[in-house]
Each structure stands twice: as structure tokens, then as C-alpha cells.
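**Student:** Mind having a look at this structure? Questions to follow.
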Amino acid sequence: GPWTDIYALGATLYKAVTGVTPVDGPDRVLEDTLEPVAANAGDGYRTSFLDAIDLMLRVRPEARPQSIAALRAALSEVSAGSSGTVTVCSVPSALPSPAVSAPSEVIAAARQSETRELRPRKPYALLALMGAALIGLGVYLARDGLSPGPTSRSGEPKRMAQVPQPPNDPPKERAKPLEPRDERPAELPPVAPRALPPSQPQMPPAPVPKEDRRADPAPSPVPTPAPAPTQARGWLGVRIQDVTKEIAESLGLADTNGTLVAAVTEGGPSIQVLRRGDVILEVAGTSITNARDLARRIAAMTPRSEARLLVLRDGQRQRLSVPLGTLPAPPVKSDKERYDDALRRISAQPLPGLEIAALTDELRRQHKLQPEVQGVVVTSVSPQGQGPEKRLVVGHVVVEINGESVRTIEDVRHRVATALAAGRTAVLLRVAASGRAERFVALRLEAR
């Protein structure tokens, strides 16, 4: 209701008179810590006027004036009860005039008005004065950088600082950004939308992205990973093995950490430093857990750098420095060499867990196979192998391996060796059986 606005007006007047922001009404319900305005007001204020401000700031809404008319009546009592002359800072009659922008003139006018005696006026005149002061206070609070008035005369500089209202400043500042806004639309006409109709025939250049795509592969084929082979890795030039529990006990070691040097490569970088039987315990101050750990650490180091080792030799710990060499690249084998190596690793029975034989007439009759079925027949299935898992039984015929037909055991060995040489770990069998439909079975190849 109106009593809320009346409280806000009273708070504004309280701030204008004392310079202190009053506590919000809801915060004063439990504990009212707001001091009367007279306790903080300066000289020159009528007691009745200050009492009217306290009346507007009552905590309970029903204790305040319940309407503007009631507030006007209270202020009328203040105006009627005044006696003598009171010195206040009056507001120039031409307050909204732009002439306020000259602070010196306004301050001069304010100083002249300090000595002016105000006669008791009608209530509406006092309300107009209070409204003008409220407007000036709002403008003052909006300007963060302004300080209270420059004069300290008569204890009222704070209200004098409220007089120079800068209503013209914000419009001037706002008018400046309008200029770039006008310039931006001016740039819009040259934009390409008007040129769209003539550019429509130029749609055929759409193949340009294709040219770019063709250009993309050009850098990609550049073997960026190629430097990887050229990134030489450190090489110690020794053959090593893990330290087992038995080896640790025989050497008097408390644990199995470290790596045992089994041999030193002739012509290697460690030939003059390390010996067979040395136990490498640390590299660059870091403990070694096993042979794999040592190989990884040495390979990560730069060739021709110094590897600082802690070695156990003849029961004594020694710190040695070994200049690392470059780890030789493994020889690249041809397809035939890989195939020959795989073929040598394959046993007489190339399919793990299965024994097979070439299909003869006797085996055909024994397993009741049709004449058109060709391949190798399963003659035995290991219970520990993959046969039971794959539901392979005696009498099944392997017709194909990886899409290629097989007739003999040598055919099977060839197909398996080809898969191993290609790096595969399994082969795909096409299996036939008497009175059953053919099916495919994947068989894992055992490491050999």
C-alpha cells in the first residue's frame, strides 16, 4: 500500500539528512537498531521536520501515514508549526533547465540561496521541494564518482552536492554509440547478398572443394610417422634376464629387483664396462624391477648419452657410467621369409587340438559322407582343446580355411602358415558333416 512508498520516501530523506542509509523495514521487526534522524542530522533542521521523517520510518505499517493525504497533513503541521527563519538549500526554479550542466553557476546559486529566508509555504510547495530534492538525490546516487559538495559551510554541503543534476550527460554519452551503429548499416549494402543473382551461374565452382580434398592427401602421404624409425633408441648391448628368487638368494639380495647380465655383446657399448654376472639395480637413481623394465628405460634414453648404473658385482655395489649406443633396427623380413618361419613352427598337426587326415574312400564310408564332400576329416578331438567348445567332433570335414579349399594336410599347413605370416591369430574353417548343413568355425592359433 501507500505506506510502503511512504517508508521509501522517509528512507530517502533520512539518507539525505544524515548521509546514512537506514535499515530495511523487515530487518527491524525483530530488533530495531535504527537511530532517530535527529541523532545524526546536522544543524538547521526543524525538530518537527525530523519527527515527520521518523514517522514515515515507523516499523509497523499502521504506525506510518496511511496515504499521501495523511502524509501531506503531517507535513502541513510541520510547515504550520515552523517559527522563525530556517536556512536550507533551495532548489533553483529552473531545475530541469540544461543550464545545470555548469557546476560553478549552480553552486553559486546555491550559495546565494543559503542566506535566503524561507517563509512558511503551503503544504504542496513543501512537497514540491521535497520531490525536487529526491530527484536530485537520485541523480547524485547514480553518479558513483561524485563526492559531497565542495563547501563545508553551515553543515549542509551534502545537500548542495545534490543540486548539480547532470541529466544532459547520459544523453550525450548515449548519443556517441549511435554513430558506429549508423556506420555499420552503411557497410551492409556492399555485402554479397546483392551479388547473389549474378553469382548463381558460378555454382559450378563447387568442384573446388574436391580439388582441396585432392590436395589434402598430398601432405598426408608424407610419412609423418617416418621419423619414428629415425628416432634412435638407446642400446646397452647386453643380454639380460630376470632375477628369480633363487638367484637373489644365491647373490645375497633381499628381493628380486634388478636384472642379471647374462652376456655382453661383442663390440657393444658396454663391452668395456659391464661383465657377465653383474646385476643392474638402478638406472639414473631409479630402481629396476625386472629385465623388461631395464630394456624400456634404456630404449627411452638418447643414444650417445651416459647411462648411470648401480651394479652389484662380486657382492659389492658399484656405480658405473656406460655410453649408450643406438639400438639396431630389427631386420625386415620378406613375405617368403615370414612364411618359411611360420611353416617351420607348425607341427604335423597344424590345427590346435584336432587331428586330421586326408579324406579317403574308407573314411568316407565310415563317416557316411557324400561323394561331393571334399576336404580333410577330423579323426581325433582333444578334450582340453578348442574342439569341444566349437562343437567339433570326429567325422567333421574341414572343407575350406580362410576361403581356400583344402584337400591334404599340406594344404592345411600352407593355409595356417600364410595366416601366421600375415600376423593373424585365428583361422576361419568351413566345416561339413554327414546329414548336417555346413557352418563356419573360428579356430585360434596357438603361439608356437
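Note on naming: chains are A, B, ... as they come in the C-alpha cells, residues start from 1 per chain, ligands start from 1 in the order shown.
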Could you give me, as a count of residues only, each residue of stretch 246-345 of chain A that DSSP assigns to alpha helix (DSSP H) when run on this structure's backbone?

**Tutor:** 26

**Student:** Counting only C-alpha atoms, what is within 9 Å of A:Ala358, bar same-chain residues fewer than 3 positions away, as a PyMOL selection string?

**Tutor:** chain A and resi 363+375-377+407-409

**Student:** What does the file look like for those residues with N, CA and C atoms, as a short mmCIF file (atom, residue, chain, number, x, y, z; two decimals), in the first residue's frame?

**Tutor:**
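The file below, out_18.cif, is the result:
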data_model
loop_
_atom_site.label_atom_id
_atom_site.label_comp_id
_atom_site.auth_asym_id
_atom_site.auth_seq_id
_atom_site.Cartn_x
_atom_site.Cartn_y
_atom_site.Cartn_z
N LEU A 363 37.39 -93.69 -45.10
CA LEU A 363 36.89 -92.71 -44.14
C LEU A 363 35.55 -92.14 -44.58
N GLY A 375 37.68 -82.52 -48.65
CA GLY A 375 38.40 -81.82 -47.61
C GLY A 375 39.22 -82.77 -46.78
N VAL A 376 39.52 -82.37 -45.55
CA VAL A 376 40.24 -83.22 -44.60
C VAL A 376 39.28 -83.54 -43.47
N VAL A 377 39.33 -84.79 -42.99
CA VAL A 377 38.39 -85.24 -41.98
C VAL A 377 39.04 -85.19 -40.60
N ARG A 407 42.64 -80.08 -49.33
CA ARG A 407 42.43 -81.50 -49.64
C ARG A 407 43.38 -82.39 -48.85
N THR A 408 44.53 -81.86 -48.49
CA THR A 408 45.54 -82.65 -47.79
C THR A 408 46.02 -81.88 -46.55
N ILE A 409 46.81 -82.59 -45.74
CA ILE A 409 47.36 -81.94 -44.56
C ILE A 409 48.33 -80.82 -44.95
#

**Student:** To one decimal place, how far is atom CA of A:Glu337 from atom CA of A:Ala426 in Å?

**Tutor:**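 Taking atom CA of A:Glu337 and atom CA of A:Ala426, their separation equals 20.2 Å.
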
**Student:** Check the smallest atom-to-atom distance from each of A:Val373, A:Leu310, A:Leu34, A:Leu420 to A:Ser434 using only C-alpha atoms, then report the winner.

**Tutor:**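 Going through A:Val373, A:Leu310, A:Leu34, A:Leu420 one by one, the smallest distance to A:Ser434 is for A:Val373.
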
**Student:** So that I can check the surroundings of A:Trp3, please list as number ranges by chain every protein, DNA and RNA residue that reaches within 7 Å of it, counting only C-alpha atoms and ignoring chain neighbours fewer than 2 positions away.

**Tutor:** A: 1, 5-7, 61, 64-67

**Student:** Can you write out the residues you just picked, keeping N, CA and C atoms, as a PDB file, in the first residue's frame?

**Tutor:**
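See out-v1.pdb below for the written result:
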ATOM      1  N   GLY A   1       0.814  -1.194   0.000  1.00  0.00           N
ATOM      2  CA  GLY A   1       0.000   0.000   0.000  1.00  0.00           C
ATOM      3  C   GLY A   1       0.852   1.250   0.000  1.00  0.00           C
ATOM      4  N   ASP A   5       5.521   3.046   0.031  1.00  0.00           N
ATOM      5  CA  ASP A   5       6.169   4.165  -0.667  1.00  0.00           C
ATOM      6  C   ASP A   5       6.547   5.263   0.316  1.00  0.00           C
ATOM      7  N   ILE A   6       5.692   5.457   1.326  1.00  0.00           N
ATOM      8  CA  ILE A   6       5.997   6.486   2.330  1.00  0.00           C
ATOM      9  C   ILE A   6       7.271   6.099   3.090  1.00  0.00           C
ATOM     10  N   TYR A   7       7.441   4.809   3.396  1.00  0.00           N
ATOM     11  CA  TYR A   7       8.668   4.351   4.058  1.00  0.00           C
ATOM     12  C   TYR A   7       9.887   4.615   3.158  1.00  0.00           C
ATOM     13  N   PRO A  61       3.578  -0.866   9.650  1.00  0.00           N
ATOM     14  CA  PRO A  61       2.943  -0.059   8.598  1.00  0.00           C
ATOM     15  C   PRO A  61       1.795   0.782   9.116  1.00  0.00           C
ATOM     16  N   ARG A  64       2.600   4.307  10.360  1.00  0.00           N
ATOM     17  CA  ARG A  64       3.011   5.342   9.408  1.00  0.00           C
ATOM     18  C   ARG A  64       1.767   6.036   8.850  1.00  0.00           C
ATOM     19  N   PRO A  65       1.944   7.165   8.172  1.00  0.00           N
ATOM     20  CA  PRO A  65       0.803   7.753   7.441  1.00  0.00           C
ATOM     21  C   PRO A  65       0.282   6.734   6.428  1.00  0.00           C
ATOM     22  N   GLN A  66      -1.037   6.559   6.387  1.00  0.00           N
ATOM     23  CA  GLN A  66      -1.642   5.516   5.568  1.00  0.00           C
ATOM     24  C   GLN A  66      -1.929   5.974   4.148  1.00  0.00           C
ATOM     25  N   SER A  67      -1.674   7.225   3.842  1.00  0.00           N
ATOM     26  CA  SER A  67      -1.934   7.737   2.494  1.00  0.00           C
ATOM     27  C   SER A  67      -1.107   8.988   2.290  1.00  0.00           C
TER      28      SER A  67
END

**Student:** List as a PDB file with C-alpha atoms, in the first residue's frame the protein and nucleic acid residues near stretch 395-400 of chain A, meaning an atom at most 8 Å away when only C-alpha atoms are counted, but skip any in the same chain fewer than 2 places from it.

**Tutor:**
ATOM      1  CA  HIS A 367      31.507 -91.398 -41.585  1.00  0.00           C
ATOM      2  CA  VAL A 373      32.159 -83.602 -49.900  1.00  0.00           C
ATOM      3  CA  GLN A 374      35.871 -82.835 -50.284  1.00  0.00           C
ATOM      4  CA  GLY A 375      38.402 -81.820 -47.611  1.00  0.00           C
ATOM      5  CA  VAL A 376      40.239 -83.220 -44.604  1.00  0.00           C
ATOM      6  CA  VAL A 377      38.389 -85.236 -41.983  1.00  0.00           C
ATOM      7  CA  VAL A 378      38.727 -84.816 -38.209  1.00  0.00           C
ATOM      8  CA  THR A 379      39.973 -88.095 -36.740  1.00  0.00           C
ATOM      9  CA  LEU A 392      33.789 -80.164 -33.468  1.00  0.00           C
ATOM     10  CA  VAL A 393      33.628 -83.972 -33.399  1.00  0.00           C
ATOM     11  CA  ASN A 402      40.107 -68.694 -44.832  1.00  0.00           C
ATOM     12  CA  GLY A 403      38.082 -69.135 -48.014  1.00  0.00           C
ATOM     13  CA  GLU A 404      40.520 -71.503 -49.715  1.00  0.00           C
ATOM     14  CA  SER A 405      39.803 -75.190 -50.217  1.00  0.00           C
ATOM     15  CA  VAL A 406      41.962 -77.870 -48.605  1.00  0.00           C
ATOM     16  CA  ARG A 407      42.430 -81.497 -49.641  1.00  0.00           C
ATOM     17  CA  LEU A 429      37.114 -73.073 -41.054  1.00  0.00           C
ATOM     18  CA  ARG A 430      34.173 -74.145 -43.199  1.00  0.00           C
ATOM     19  CA  VAL A 431      33.025 -77.465 -41.772  1.00  0.00           C
ATOM     20  CA  ALA A 432      30.742 -80.111 -43.307  1.00  0.00           C
ATOM     21  CA  ALA A 433      29.170 -83.176 -41.681  1.00  0.00           C
ATOM     22  CA  SER A 434      27.004 -86.101 -42.759  1.00  0.00           C
TER      23      SER A 434
END

**Student:** Counting only C-alpha atoms, which residues in stretch 220-274 of chain A sit no more than 8 Å from stretch 299-309 of chain A? For each one, give the nearest pair of atoms and the distance in Å, sorted by chain then residue number, as a tab-separated table.

**Tutor:**
residue	atom	partner	partner_atom	distance
A:Ala232	CA	A:Pro303	CA	6.8
A:Arg233	CA	A:Ala299	CA	4.8
A:Gly234	CA	A:Ala299	CA	4.5
A:Trp235	CA	A:Ala299	CA	6.3

**Student:** Pick out the closest residue to A:Ala52 from this set: A:Ala11, A:Ile288, A:Leu351, A:Leu30. Count only C-alpha atoms.

**Tutor:**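 Nearest to A:Ala52: A:Ala11.
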
**Student:** Would you compute the distance between atom CA of A:Ile298 and atom CA of A:Thr244? Give it in Å to one decimal.

**Tutor:** 21.3 Å

**Student:** Which residue gives the smallest distance to A:Arg338 among A:Thr289, A:Ala417, A:Pro26, A:Arg436, with only C-alpha atoms counted?

**Tutor:**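 Counting only C-alpha atoms, the residue closest to A:Arg338 is A:Ala417.
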
**Student:** Can you pull out every residue within 12 Å of A:Ala421, counting only C-alpha atoms, but drop anything in the same chain fewer than 6 positions away, and send it as a list in words?

**Tutor:**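 Near neighbours after the sequence-gap exclusion: Lys333, Ser334, Asp335, Lys336, Glu337, Arg338, Tyr339, Asp340, Asp341, Ala342, Leu343, Arg344, Arg345, Ile346, His414 and Arg415 of chain A.
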
**Student:** If you keep C-alpha atoms, can you produce a file of those selected residues as a short mmCIF file (atom, residue, chain, number, x, y, z; two decimals), in the first residue's frame?

**Tutor:**
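See part-v4.cif below for the written result:
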data_model
loop_
_atom_site.label_atom_id
_atom_site.label_comp_id
_atom_site.auth_asym_id
_atom_site.auth_seq_id
_atom_site.Cartn_x
_atom_site.Cartn_y
_atom_site.Cartn_z
CA LYS A 333 61.83 -59.97 -43.42
CA SER A 334 60.23 -60.59 -46.75
CA ASP A 335 56.86 -62.31 -47.09
CA LYS A 336 58.59 -65.53 -48.03
CA GLU A 337 60.89 -65.39 -45.02
CA ARG A 338 57.94 -64.83 -42.69
CA TYR A 339 56.06 -67.67 -44.36
CA ASP A 340 59.03 -70.03 -44.04
CA ASP A 341 59.46 -69.13 -40.36
CA ALA A 342 55.77 -69.79 -39.70
CA LEU A 343 55.85 -73.06 -41.61
CA ARG A 344 58.79 -74.29 -39.53
CA ARG A 345 56.83 -73.56 -36.35
CA ILE A 346 53.83 -75.62 -37.47
CA HIS A 414 50.07 -73.90 -46.02
CA ARG A 415 46.86 -72.05 -45.09
#

**Student:** Can you work out the spacing between atom CA of A:Gln370 and atom CA of A:Phe440 in Å, to one decimal?

**Tutor:**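 Distance reported for this atom pair: 19.0 Å.
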
**Student:** From the list A:Ala263, A:Val381, A:Val17, A:Met56, which residue is nearest A:Val279 when using only C-alpha atoms?

**Tutor:**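 Of A:Ala263, A:Val381, A:Val17, A:Met56, the one nearest A:Val279, counting only C-alpha atoms, is A:Ala263.
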